[in-house]
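*Asks:* This is the structure I want to talk about, given as C-alpha coordinates.
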Amino acid sequence: MNFRRLTTSPINYWGSFASDTLAAIGLLAAGFATTTRPLAAIAALALGIATYSFYEYAFHRWLYHATAVRDLHALHHRDPRAPIGAPFFFTLVVAASAFYLAHLVIDRPLAAVLAGAILATHVYQGAVHHLLHHGRASVLRRLQHHHNLHHRRSDTNFGVSTMMWDRVFRTHTR
(Lines give C-alpha, C1' and ligand atoms only; values in the text may rest on other atoms or scores of the structure.)
Protein backbone atom coordinates (compact mmCIF):
# COMPACT_ATOMS: atom_id res chain seq x y z
CA MET A 1 0.00 0.00 0.00
CA ASN A 2 1.44 3.38 -0.92
CA PHE A 3 1.67 6.31 1.49
CA ARG A 4 -1.18 8.34 0.00
CA ARG A 5 -3.52 5.38 -0.03
CA LEU A 6 -2.67 4.60 3.60
CA THR A 7 -3.23 8.16 4.82
CA THR A 8 -6.61 8.42 3.07
CA SER A 9 -7.90 5.06 4.27
CA PRO A 10 -10.83 5.05 6.73
CA ILE A 11 -9.26 1.96 8.33
CA ASN A 12 -6.10 3.97 9.01
CA TYR A 13 -8.13 6.94 10.30
CA TRP A 14 -10.26 4.98 12.77
CA GLY A 15 -7.53 2.42 13.51
CA SER A 16 -5.28 5.26 14.66
CA PHE A 17 -7.90 6.40 17.16
CA ALA A 18 -8.15 2.85 18.50
CA SER A 19 -4.44 2.02 18.66
CA ASP A 20 -3.46 5.43 20.07
CA THR A 21 -6.20 5.28 22.72
CA LEU A 22 -5.23 1.76 23.82
CA ALA A 23 -1.52 2.61 23.90
CA ALA A 24 -2.16 5.83 25.86
CA ILE A 25 -4.30 4.02 28.43
CA GLY A 26 -1.67 1.30 28.74
CA LEU A 27 1.21 3.72 29.21
CA LEU A 28 -0.68 5.90 31.71
CA ALA A 29 -1.95 2.89 33.67
CA ALA A 30 1.47 1.24 33.77
CA GLY A 31 3.19 4.46 34.77
CA PHE A 32 0.76 5.42 37.53
CA ALA A 33 0.52 1.82 38.82
CA THR A 34 4.27 1.41 39.19
CA THR A 35 5.47 4.84 40.24
CA THR A 36 6.58 5.46 43.79
CA ARG A 37 6.31 9.21 43.22
CA PRO A 38 2.71 10.18 42.46
CA LEU A 39 3.38 13.94 42.49
CA ALA A 40 6.20 13.50 40.00
CA ALA A 41 3.82 11.41 37.87
CA ILE A 42 1.28 14.25 37.88
CA ALA A 43 4.07 16.62 36.82
CA ALA A 44 5.03 14.20 34.01
CA LEU A 45 1.37 14.13 32.96
CA ALA A 46 1.24 17.95 32.80
CA LEU A 47 4.55 18.09 30.91
CA GLY A 48 3.28 15.54 28.37
CA ILE A 49 0.12 17.57 27.76
CA ALA A 50 2.11 20.79 27.35
CA THR A 51 4.62 19.04 25.08
CA TYR A 52 1.89 17.75 22.81
CA SER A 53 0.21 21.14 22.55
CA PHE A 54 3.42 22.53 21.05
CA TYR A 55 3.97 19.40 18.95
CA GLU A 56 0.47 19.82 17.46
CA TYR A 57 1.17 23.43 16.45
CA ALA A 58 4.70 22.76 15.18
CA PHE A 59 3.80 19.73 13.09
CA HIS A 60 0.79 21.45 11.59
CA ARG A 61 2.65 24.64 10.77
CA TRP A 62 6.14 23.48 9.83
CA LEU A 63 5.59 19.91 8.62
CA TYR A 64 2.07 19.77 7.17
CA HIS A 65 2.24 23.18 5.50
CA ALA A 66 5.90 23.54 4.58
CA THR A 67 7.35 20.16 3.53
CA ALA A 68 6.77 17.32 1.08
CA VAL A 69 3.75 16.09 3.10
CA ARG A 70 1.92 19.35 2.41
CA ASP A 71 0.40 17.76 -0.71
CA LEU A 72 -1.20 15.09 1.46
CA HIS A 73 -2.35 17.67 3.98
CA ALA A 74 -3.80 19.71 1.12
CA LEU A 75 -6.20 16.81 0.52
CA HIS A 76 -7.64 17.54 3.96
CA HIS A 77 -8.01 21.22 3.09
CA ARG A 78 -9.84 20.31 -0.11
CA ASP A 79 -12.15 17.82 1.64
CA PRO A 80 -12.16 18.48 5.42
CA ARG A 81 -14.71 15.74 6.09
CA ALA A 82 -12.68 12.98 4.42
CA PRO A 83 -11.03 10.46 6.78
CA ILE A 84 -7.43 11.57 6.21
CA GLY A 85 -4.73 11.10 8.82
CA ALA A 86 -1.09 10.34 9.45
CA PRO A 87 -0.19 6.65 9.19
CA PHE A 88 -1.46 4.75 12.23
CA PHE A 89 2.07 3.94 13.38
CA PHE A 90 3.33 7.54 13.25
CA THR A 91 2.10 8.68 16.66
CA LEU A 92 3.07 5.36 18.21
CA VAL A 93 6.63 5.95 17.00
CA VAL A 94 6.53 9.50 18.42
CA ALA A 95 5.29 8.14 21.79
CA ALA A 96 7.93 5.39 21.80
CA SER A 97 10.62 7.99 21.03
CA ALA A 98 9.32 10.23 23.81
CA PHE A 99 9.39 7.28 26.23
CA TYR A 100 12.94 6.33 25.21
CA LEU A 101 14.31 9.87 25.51
CA ALA A 102 12.48 10.52 28.78
CA HIS A 103 13.70 7.30 30.38
CA LEU A 104 17.27 8.48 29.82
CA VAL A 105 16.67 11.22 32.44
CA ILE A 106 13.71 10.00 34.54
CA ASP A 107 12.60 6.57 35.72
CA ARG A 108 10.52 4.28 33.52
CA PRO A 109 7.15 4.83 35.25
CA LEU A 110 7.46 8.60 34.83
CA ALA A 111 8.61 8.15 31.23
CA ALA A 112 5.52 5.99 30.62
CA VAL A 113 3.25 8.70 32.08
CA LEU A 114 4.93 11.38 29.95
CA ALA A 115 4.64 9.33 26.73
CA GLY A 116 1.09 8.29 27.63
CA ALA A 117 0.10 11.92 28.18
CA ILE A 118 1.54 12.91 24.79
CA LEU A 119 -0.41 10.12 23.13
CA ALA A 120 -3.63 10.79 25.09
CA THR A 121 -3.46 14.48 24.17
CA HIS A 122 -3.01 13.47 20.54
CA VAL A 123 -6.18 11.37 20.79
CA TYR A 124 -7.97 14.36 22.36
CA GLN A 125 -6.74 16.65 19.55
CA GLY A 126 -7.86 14.11 16.95
CA ALA A 127 -11.32 13.90 18.52
CA VAL A 128 -11.59 17.69 18.66
CA HIS A 129 -10.48 17.96 15.04
CA HIS A 130 -13.00 15.34 13.98
CA LEU A 131 -15.79 17.17 15.85
CA LEU A 132 -14.77 20.49 14.30
CA HIS A 133 -15.51 19.05 10.87
CA HIS A 134 -18.32 16.61 11.70
CA GLY A 135 -20.04 17.78 14.87
CA ARG A 136 -22.09 20.65 16.15
CA ALA A 137 -20.71 20.89 19.66
CA SER A 138 -21.42 24.43 20.86
CA VAL A 139 -18.62 24.06 23.40
CA LEU A 140 -16.17 24.03 20.49
CA ARG A 141 -17.62 27.06 18.71
CA ARG A 142 -14.53 29.28 19.26
CA LEU A 143 -12.15 26.52 18.16
CA GLN A 144 -14.39 25.75 15.20
CA HIS A 145 -14.29 29.38 14.07
CA HIS A 146 -10.50 29.44 14.60
CA HIS A 147 -10.03 26.26 12.56
CA ASN A 148 -12.47 27.27 9.81
CA LEU A 149 -10.42 30.43 9.30
CA HIS A 150 -7.34 28.23 8.91
CA HIS A 151 -9.10 26.30 6.15
CA ARG A 152 -9.85 29.57 4.34
CA ARG A 153 -6.41 31.07 4.93
CA SER A 154 -3.89 28.30 5.54
CA ASP A 155 -1.03 30.54 6.73
CA THR A 156 -2.77 31.26 10.06
CA ASN A 157 -4.46 29.47 12.97
CA PHE A 158 -2.42 26.26 13.03
CA GLY A 159 -3.60 25.18 16.49
CA VAL A 160 -6.49 22.74 16.43
CA SER A 161 -7.20 22.03 20.09
CA THR A 162 -5.69 25.24 21.45
CA MET A 163 -5.08 28.77 20.19
CA MET A 164 -2.23 29.41 22.63
CA TRP A 165 0.70 28.75 20.26
CA ASP A 166 -0.91 30.80 17.49
CA ARG A 167 -0.91 33.71 19.91
CA VAL A 168 2.70 33.04 21.00
CA PHE A 169 3.96 32.86 17.39
CA ARG A 170 1.59 35.58 16.15
CA THR A 171 -0.16 33.36 13.62
CA HIS A 172 -3.59 33.88 15.21
CA THR A 173 -6.19 35.68 13.16
CA ARG A 174 -9.86 36.41 13.76
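By convention in this document, the chains of the C-alpha coordinates carry letters A, B, ... by their order, each chain's residues are numbered from 1, and ligands are numbered from 1 in the order they are shown.
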Neighbours of A:Thr171 within 12 Å (only C-alpha atoms; same-chain residues fewer than 5 positions away dropped), as a list in words?
*Replies:* Tyr57, Ala58, Arg61, His146, Leu149, His150, Arg153, Ser154, Asp155, Thr156, Asn157, Phe158, Gly159, Met163, Met164, Trp165 and Asp166 of chain A
*Asks:* Just want the 7 Å neighbourhood of stretch 118-121 of chain A, counted on only C-alpha atoms, with same-chain residues fewer than 6 positions away dropped. Output as a PyMOL selection string.
*Replies:* chain A and resi 20-21+24+48-49+51-52+95
*Asks:* So which residues touch stretch 75-82 of chain A within 7 Å, counting only C-alpha atoms, skipping near sequence neighbours fewer than 2 positions away, as a count of residues only?
*Replies:* 7
*Asks:* Out of stretch 22-127 of chain A, which residues get alpha helix (DSSP H) from DSSP, as a ChimeraX atom specification?
*Replies:* /A:22-34,38-58,70-78,90-103,108-127
*Asks:* Could you work out how far atom CA of A:Ala74 lies from atom CA of A:Ile11, giving the answer in Å with one decimal?
*Replies:*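 Between atom CA of A:Ile11 and atom CA of A:Ala74 the gap works out to 19.9 Å.
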*Asks:* What does the distance from atom CA of A:Asn12 to atom CA of A:Phe90 come to in Å, to one decimal?
*Replies:*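 Pair atom CA of A:Asn12 / atom CA of A:Phe90 returns 10.9 Å.
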*Asks:* I'd like the interatomic distance between atom CA of A:Thr162 and atom CA of A:Leu63, to a tenth of an Å.
*Replies:*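 Between these atoms lies a distance of 17.9 Å.
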*Asks:* Could you name the residues that touch A:Ala102 at 9 Å or less, counting only C-alpha atoms, but leaving out those on the same chain fewer than 3 positions away, as a list of chain:residue names?
*Replies:*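 Those residues are A:Ser97, A:Ala98, A:Phe99, A:Val105, A:Ile106, A:Asp107, A:Arg108, A:Leu110, A:Ala111, A:Ala112, A:Leu114, A:Ala115.
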*Asks:* With distances taken over only C-alpha atoms, which of A:Val160, A:Leu101, A:Leu47, A:Val93 is nearest to A:Tyr124?
*Replies:*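 Residue with the minimum atom-to-atom distance to A:Tyr124: A:Val160.
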*Asks:* Nearest to A:Ala18: which of A:Phe89, A:Phe3, A:Phe54, A:Phe169 is it, counting only C-alpha atoms?
*Replies:*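 Closest to A:Ala18 of all the choices is A:Phe89.
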